[in-house]
>>> print(open('data_29.cif').read())   # mmCIF, N, CA and C atoms
data_input
loop_
_atom_site.group_PDB
_atom_site.id
_atom_site.type_symbol
_atom_site.label_atom_id
_atom_site.label_comp_id
_atom_site.auth_asym_id
_atom_site.auth_seq_id
_atom_site.Cartn_x
_atom_site.Cartn_y
_atom_site.Cartn_z
ATOM 1 N N MET A 1 0.849 -1.179 0.000
ATOM 2 C CA MET A 1 0.000 0.000 0.000
ATOM 3 C C MET A 1 0.895 1.243 0.000
ATOM 4 N N PRO A 2 0.604 2.191 -0.893
ATOM 5 C CA PRO A 2 1.428 3.400 -0.946
ATOM 6 C C PRO A 2 1.242 4.273 0.289
ATOM 7 N N LEU A 3 2.263 5.037 0.582
ATOM 8 C CA LEU A 3 2.173 5.979 1.694
ATOM 9 C C LEU A 3 1.238 7.126 1.316
ATOM 10 N N PRO A 4 0.489 7.648 2.285
ATOM 11 C CA PRO A 4 -0.443 8.737 1.987
ATOM 12 C C PRO A 4 0.212 10.113 2.086
ATOM 13 N N GLY A 5 -0.219 11.034 1.248
ATOM 14 C CA GLY A 5 0.098 12.448 1.341
ATOM 15 C C GLY A 5 1.561 12.795 1.564
ATOM 16 N N ILE A 6 1.786 13.598 2.577
ATOM 17 C CA ILE A 6 3.125 14.121 2.847
ATOM 18 C C ILE A 6 4.100 13.014 3.221
ATOM 19 N N SER A 7 3.601 11.904 3.753
ATOM 20 C CA SER A 7 4.481 10.779 4.081
ATOM 21 C C SER A 7 5.171 10.250 2.828
ATOM 22 N N ALA A 8 4.442 10.222 1.720
ATOM 23 C CA ALA A 8 5.028 9.761 0.464
ATOM 24 C C ALA A 8 6.127 10.723 -0.002
ATOM 25 N N ALA A 9 5.851 12.015 0.090
ATOM 26 C CA ALA A 9 6.852 13.003 -0.306
ATOM 27 C C ALA A 9 8.077 12.918 0.598
ATOM 28 N N ASN A 10 7.857 12.785 1.895
ATOM 29 C CA ASN A 10 8.980 12.674 2.829
ATOM 30 C C ASN A 10 9.814 11.426 2.545
ATOM 31 N N HIS A 11 9.141 10.330 2.254
ATOM 32 C CA HIS A 11 9.866 9.088 1.943
ATOM 33 C C HIS A 11 10.696 9.251 0.672
ATOM 34 N N ARG A 12 10.129 9.911 -0.333
ATOM 35 C CA ARG A 12 10.875 10.116 -1.578
ATOM 36 C C ARG A 12 12.103 10.992 -1.340
ATOM 37 N N ILE A 13 11.957 12.024 -0.520
ATOM 38 C CA ILE A 13 13.108 12.891 -0.204
ATOM 39 C C ILE A 13 14.169 12.097 0.550
ATOM 40 N N LEU A 14 13.737 11.238 1.468
ATOM 41 C CA LEU A 14 14.672 10.401 2.227
ATOM 42 C C LEU A 14 15.462 9.493 1.291
ATOM 43 N N THR A 15 14.773 8.821 0.366
ATOM 44 C CA THR A 15 15.463 7.896 -0.534
ATOM 45 C C THR A 15 16.277 8.624 -1.608
ATOM 46 N N LYS A 16 15.862 9.830 -1.960
ATOM 47 C CA LYS A 16 16.564 10.577 -2.998
ATOM 48 C C LYS A 16 17.814 11.277 -2.467
ATOM 49 N N PHE A 17 17.703 11.913 -1.293
ATOM 50 C CA PHE A 17 18.792 12.735 -0.790
ATOM 51 C C PHE A 17 19.500 12.164 0.441
ATOM 52 N N HIS A 18 18.874 11.183 1.091
ATOM 53 C CA HIS A 18 19.433 10.566 2.305
ATOM 54 C C HIS A 18 19.594 11.581 3.443
ATOM 55 N N TRP A 19 18.651 12.516 3.514
ATOM 56 C CA TRP A 19 18.654 13.476 4.609
ATOM 57 C C TRP A 19 18.094 12.806 5.860
ATOM 58 N N THR A 20 18.333 13.394 7.008
ATOM 59 C CA THR A 20 17.797 12.826 8.243
ATOM 60 C C THR A 20 16.295 13.074 8.318
ATOM 61 N N ILE A 21 15.602 12.224 9.052
ATOM 62 C CA ILE A 21 14.150 12.367 9.202
ATOM 63 C C ILE A 21 13.783 13.702 9.852
ATOM 64 N N PRO A 22 14.469 14.126 10.929
ATOM 65 C CA PRO A 22 14.124 15.439 11.496
ATOM 66 C C PRO A 22 14.307 16.589 10.494
ATOM 67 N N ALA A 23 15.333 16.505 9.657
ATOM 68 C CA ALA A 23 15.554 17.555 8.655
ATOM 69 C C ALA A 23 14.420 17.563 7.633
ATOM 70 N N ILE A 24 13.983 16.391 7.226
ATOM 71 C CA ILE A 24 12.895 16.287 6.252
ATOM 72 C C ILE A 24 11.589 16.797 6.847
ATOM 73 N N GLU A 25 11.298 16.412 8.073
ATOM 74 C CA GLU A 25 10.048 16.842 8.716
ATOM 75 C C GLU A 25 10.020 18.341 8.985
ATOM 76 N N ALA A 26 11.185 18.975 9.018
ATOM 77 C CA ALA A 26 11.256 20.417 9.256
ATOM 78 C C ALA A 26 11.059 21.232 7.978
ATOM 79 N N LEU A 27 11.012 20.576 6.820
ATOM 80 C CA LEU A 27 10.860 21.289 5.551
ATOM 81 C C LEU A 27 9.490 21.952 5.445
ATOM 82 N N THR A 28 9.458 23.122 4.843
ATOM 83 C CA THR A 28 8.186 23.756 4.516
ATOM 84 C C THR A 28 7.644 23.098 3.255
ATOM 85 N N ILE A 29 6.386 23.340 2.949
ATOM 86 C CA ILE A 29 5.814 22.756 1.747
ATOM 87 C C ILE A 29 6.514 23.285 0.499
ATOM 88 N N GLU A 30 6.954 24.536 0.535
ATOM 89 C CA GLU A 30 7.691 25.085 -0.602
ATOM 90 C C GLU A 30 9.004 24.330 -0.804
ATOM 91 N N GLN A 31 9.674 23.989 0.279
ATOM 92 C CA GLN A 31 10.926 23.250 0.183
ATOM 93 C C GLN A 31 10.693 21.832 -0.327
ATOM 94 N N VAL A 32 9.585 21.215 0.076
ATOM 95 C CA VAL A 32 9.236 19.879 -0.433
ATOM 96 C C VAL A 32 9.001 19.957 -1.935
ATOM 97 N N PHE A 33 8.206 20.936 -2.388
ATOM 98 C CA PHE A 33 7.962 21.107 -3.826
ATOM 99 C C PHE A 33 9.271 21.329 -4.577
ATOM 100 N N PHE A 34 10.141 22.152 -4.026
ATOM 101 C CA PHE A 34 11.417 22.438 -4.677
ATOM 102 C C PHE A 34 12.275 21.175 -4.764
ATOM 103 N N ALA A 35 12.342 20.415 -3.680
ATOM 104 C CA ALA A 35 13.174 19.208 -3.658
ATOM 105 C C ALA A 35 12.718 18.171 -4.681
ATOM 106 N N LEU A 36 11.414 18.103 -4.916
ATOM 107 C CA LEU A 36 10.873 17.088 -5.823
ATOM 108 C C LEU A 36 10.473 17.656 -7.179
ATOM 109 N N HIS A 37 10.765 18.906 -7.413
ATOM 110 C CA HIS A 37 10.340 19.587 -8.629
ATOM 111 C C HIS A 37 10.787 18.875 -9.896
ATOM 112 N N ASP A 38 12.037 18.446 -9.958
ATOM 113 C CA ASP A 38 12.543 17.820 -11.184
ATOM 114 C C ASP A 38 11.804 16.538 -11.528
ATOM 115 N N GLU A 39 11.302 15.828 -10.531
ATOM 116 C CA GLU A 39 10.572 14.591 -10.805
ATOM 117 C C GLU A 39 9.174 14.870 -11.330
ATOM 118 N N VAL A 40 8.571 15.939 -10.883
ATOM 119 C CA VAL A 40 7.239 16.293 -11.360
ATOM 120 C C VAL A 40 7.322 16.895 -12.753
ATOM 121 N N VAL A 41 8.270 17.787 -12.962
ATOM 122 C CA VAL A 41 8.409 18.466 -14.239
ATOM 123 C C VAL A 41 8.811 17.497 -15.342
ATOM 124 N N ASN A 42 9.658 16.540 -15.054
ATOM 125 C CA ASN A 42 10.169 15.628 -16.077
ATOM 126 C C ASN A 42 9.358 14.343 -16.219
ATOM 127 N N HIS A 43 8.191 14.305 -15.615
ATOM 128 C CA HIS A 43 7.349 13.113 -15.729
ATOM 129 C C HIS A 43 6.857 12.979 -17.173
ATOM 130 N N PRO A 44 7.066 11.815 -17.802
ATOM 131 C CA PRO A 44 6.684 11.682 -19.209
ATOM 132 C C PRO A 44 5.164 11.696 -19.403
ATOM 133 N N ILE A 45 4.722 12.401 -20.450
ATOM 134 C CA ILE A 45 3.308 12.426 -20.809
ATOM 135 C C ILE A 45 3.194 12.248 -22.310
ATOM 136 N N SER A 46 2.000 11.970 -22.783
ATOM 137 C CA SER A 46 1.804 11.768 -24.217
ATOM 138 C C SER A 46 1.997 13.081 -24.969
ATOM 139 N N GLU A 47 2.239 12.971 -26.283
ATOM 140 C CA GLU A 47 2.435 14.172 -27.099
ATOM 141 C C GLU A 47 1.190 15.052 -27.101
ATOM 142 N N GLY A 48 0.011 14.425 -27.139
ATOM 143 C CA GLY A 48 -1.234 15.186 -27.128
ATOM 144 C C GLY A 48 -1.426 15.945 -25.831
ATOM 145 N N ALA A 49 -1.115 15.286 -24.717
ATOM 146 C CA ALA A 49 -1.237 15.937 -23.416
ATOM 147 C C ALA A 49 -0.227 17.074 -23.298
ATOM 148 N N GLU A 50 0.967 16.851 -23.795
ATOM 149 C CA GLU A 50 1.995 17.896 -23.740
ATOM 150 C C GLU A 50 1.579 19.115 -24.560
ATOM 151 N N ALA A 51 1.019 18.887 -25.749
ATOM 152 C CA ALA A 51 0.571 20.000 -26.592
ATOM 153 C C ALA A 51 -0.552 20.776 -25.912
ATOM 154 N N ALA A 52 -1.486 20.064 -25.298
ATOM 155 C CA ALA A 52 -2.590 20.731 -24.606
ATOM 156 C C ALA A 52 -2.082 21.550 -23.428
ATOM 157 N N LEU A 53 -1.153 21.002 -22.667
ATOM 158 C CA LEU A 53 -0.599 21.729 -21.523
ATOM 159 C C LEU A 53 0.172 22.966 -21.971
ATOM 160 N N LYS A 54 0.922 22.840 -23.044
ATOM 161 C CA LYS A 54 1.666 23.998 -23.543
ATOM 162 C C LYS A 54 0.716 25.097 -23.996
ATOM 163 N N GLN A 55 -0.355 24.725 -24.675
ATOM 164 C CA GLN A 55 -1.327 25.715 -25.124
ATOM 165 C C GLN A 55 -1.971 26.398 -23.916
ATOM 166 N N TYR A 56 -2.348 25.626 -22.923
ATOM 167 C CA TYR A 56 -2.937 26.183 -21.699
ATOM 168 C C TYR A 56 -1.933 27.069 -20.973
ATOM 169 N N ALA A 57 -0.711 26.594 -20.828
ATOM 170 C CA ALA A 57 0.302 27.325 -20.079
ATOM 171 C C ALA A 57 0.618 28.661 -20.732
ATOM 172 N N LEU A 58 0.733 28.678 -22.038
ATOM 173 C CA LEU A 58 1.055 29.928 -22.724
ATOM 174 C C LEU A 58 -0.078 30.937 -22.616
ATOM 175 N N ARG A 59 -1.304 30.444 -22.573
ATOM 176 C CA ARG A 59 -2.449 31.339 -22.538
ATOM 177 C C ARG A 59 -2.734 31.867 -21.134
ATOM 178 N N ASP A 60 -2.629 30.992 -20.119
ATOM 179 C CA ASP A 60 -3.122 31.340 -18.798
ATOM 180 C C ASP A 60 -2.061 31.457 -17.704
ATOM 181 N N MET A 61 -0.814 31.173 -18.003
ATOM 182 C CA MET A 61 0.214 31.167 -16.964
ATOM 183 C C MET A 61 0.573 32.583 -16.539
ATOM 184 N N PRO A 62 0.403 32.898 -15.245
ATOM 185 C CA PRO A 62 0.823 34.221 -14.773
ATOM 186 C C PRO A 62 2.347 34.339 -14.834
ATOM 187 N N ALA A 63 2.828 35.546 -15.000
ATOM 188 C CA ALA A 63 4.272 35.779 -15.096
ATOM 189 C C ALA A 63 5.001 35.331 -13.839
ATOM 190 N N GLU A 64 4.320 35.357 -12.693
ATOM 191 C CA GLU A 64 4.957 34.987 -11.426
ATOM 192 C C GLU A 64 5.066 33.470 -11.247
ATOM 193 N N GLY A 65 4.461 32.685 -12.133
ATOM 194 C CA GLY A 65 4.493 31.237 -12.006
ATOM 195 C C GLY A 65 3.144 30.704 -11.557
ATOM 196 N N PRO A 66 2.989 29.373 -11.558
ATOM 197 C CA PRO A 66 1.677 28.781 -11.312
ATOM 198 C C PRO A 66 1.226 28.799 -9.850
ATOM 199 N N PHE A 67 2.113 29.016 -8.889
ATOM 200 C CA PHE A 67 1.735 28.879 -7.494
ATOM 201 C C PHE A 67 1.844 30.181 -6.704
ATOM 202 N N GLN A 68 1.775 31.324 -7.371
ATOM 203 C CA GLN A 68 1.955 32.573 -6.652
ATOM 204 C C GLN A 68 0.833 32.840 -5.653
ATOM 205 N N ASP A 69 -0.341 32.278 -5.870
ATOM 206 C CA ASP A 69 -1.441 32.511 -4.939
ATOM 207 C C ASP A 69 -1.700 31.307 -4.031
ATOM 208 N N PHE A 70 -0.753 30.394 -3.966
ATOM 209 C CA PHE A 70 -0.878 29.209 -3.122
ATOM 210 C C PHE A 70 -0.613 29.601 -1.671
ATOM 211 N N LEU A 71 -1.585 29.386 -0.810
ATOM 212 C CA LEU A 71 -1.453 29.745 0.599
ATOM 213 C C LEU A 71 -1.074 28.523 1.420
ATOM 214 N N LYS A 72 -0.180 28.698 2.381
ATOM 215 C CA LYS A 72 0.256 27.572 3.205
ATOM 216 C C LYS A 72 -0.912 26.918 3.928
ATOM 217 N N ASN A 73 -1.902 27.713 4.354
ATOM 218 C CA ASN A 73 -3.023 27.114 5.082
ATOM 219 C C ASN A 73 -3.972 26.351 4.153
ATOM 220 N N GLU A 74 -3.759 26.408 2.833
ATOM 221 C CA GLU A 74 -4.537 25.610 1.900
ATOM 222 C C GLU A 74 -3.947 24.206 1.726
ATOM 223 N N TRP A 75 -2.730 24.010 2.159
ATOM 224 C CA TRP A 75 -2.065 22.718 2.020
ATOM 225 C C TRP A 75 -2.594 21.773 3.086
ATOM 226 N N ILE A 76 -3.228 20.698 2.628
ATOM 227 C CA ILE A 76 -3.781 19.698 3.533
ATOM 228 C C ILE A 76 -3.167 18.351 3.138
ATOM 229 N N PRO A 77 -2.056 17.963 3.775
ATOM 230 C CA PRO A 77 -1.378 16.730 3.372
ATOM 231 C C PRO A 77 -2.249 15.483 3.476
ATOM 232 N N GLU A 78 -3.217 15.489 4.381
ATOM 233 C CA GLU A 78 -4.035 14.303 4.595
ATOM 234 C C GLU A 78 -5.164 14.158 3.578
ATOM 235 N N ILE A 79 -5.308 15.114 2.656
ATOM 236 C CA ILE A 79 -6.421 15.074 1.712
ATOM 237 C C ILE A 79 -6.378 13.808 0.851
ATOM 238 N N ALA A 80 -5.197 13.319 0.551
ATOM 239 C CA ALA A 80 -5.076 12.116 -0.273
ATOM 240 C C ALA A 80 -5.745 10.922 0.391
ATOM 241 N N GLU A 81 -5.744 10.873 1.704
ATOM 242 C CA GLU A 81 -6.374 9.766 2.416
ATOM 243 C C GLU A 81 -7.890 9.791 2.277
ATOM 244 N N LEU A 82 -8.462 10.955 1.985
ATOM 245 C CA LEU A 82 -9.907 11.094 1.850
ATOM 246 C C LEU A 82 -10.402 10.807 0.449
ATOM 247 N N MET A 83 -9.486 10.772 -0.499
ATOM 248 C CA MET A 83 -9.858 10.591 -1.912
ATOM 249 C C MET A 83 -9.965 9.111 -2.251
ATOM 250 N N PRO A 84 -11.032 8.714 -2.975
ATOM 251 C CA PRO A 84 -11.108 7.317 -3.413
ATOM 252 C C PRO A 84 -10.046 7.039 -4.458
ATOM 253 N N SER A 85 -9.550 5.831 -4.479
ATOM 254 C CA SER A 85 -8.503 5.499 -5.427
ATOM 255 C C SER A 85 -8.769 4.159 -6.090
ATOM 256 N N ASP A 86 -8.651 4.157 -7.428
ATOM 257 C CA ASP A 86 -8.732 2.919 -8.210
ATOM 258 C C ASP A 86 -7.336 2.428 -8.535
ATOM 259 N N ASP A 87 -6.331 3.214 -8.151
ATOM 260 C CA ASP A 87 -4.951 2.930 -8.499
ATOM 261 C C ASP A 87 -4.463 1.666 -7.779
ATOM 262 N N PRO A 88 -4.041 0.636 -8.532
ATOM 263 C CA PRO A 88 -3.584 -0.602 -7.897
ATOM 264 C C PRO A 88 -2.212 -0.465 -7.252
ATOM 265 N N PHE A 89 -1.527 0.659 -7.484
ATOM 266 C CA PHE A 89 -0.207 0.841 -6.931
ATOM 267 C C PHE A 89 -0.346 1.516 -5.627
#
>>> encode(input="data_29.cif", output="structure tokens")
Amino acid sequence: MPLPGISAANHRILTKFHWTIPAIEALTIEQVFFALHDEVVNHPISEGAEAALKQYALRDMPAEGPFQDFLKNEWIPEIAELMPSDDPF
């Protein structure tokens, strides 16, 4: 069974960077996003999906980036546990 929410991100940071658990748990959500950014950005997608995302990004992307209005109090790591999943992984 996969780890839920922030536990999964923390585990990935542990296996990727071999940082200590207290150091990982002290990270802000921005630091977690930054640490794992290359894995999210480089995730392979189909050519059609890539074209659609590029069209959307060019039209609607604010100059400050996609997360400029992301508030820390909106981050709910446990939300993944509430979502139904058909994913066998």
>>> atom_distance(input="data_29.cif", atom1="atom N of Leu36 (chain A)", atom2="CA of Lys16 (chain A)")
9.3 Å
>>> atom_distance(input="data_29.cif", atom1="atom N of Phe34 (chain A)", atom2="atom C of Thr20 (chain A)")
16.5 Å
>>> atom_distance(input="data_29.cif", atom1="CA of Glu50 (chain A)", atom2="atom N of Ser7 (chain A)")
28.2 Å
>>> closest_residue(input="data_29.cif", among="A:Ile24, A:Ala35, A:Ile45, A:Val40", to="His11 (chain A)", atoms="only C-alpha atoms")
A:Ile24
>>> closest_residue(input="data_29.cif", among="A:Leu53, A:Glu39, A:Pro2, A:Asn10", to="Ala23 (chain A)", atoms="only C-alpha atoms")
A:Asn10
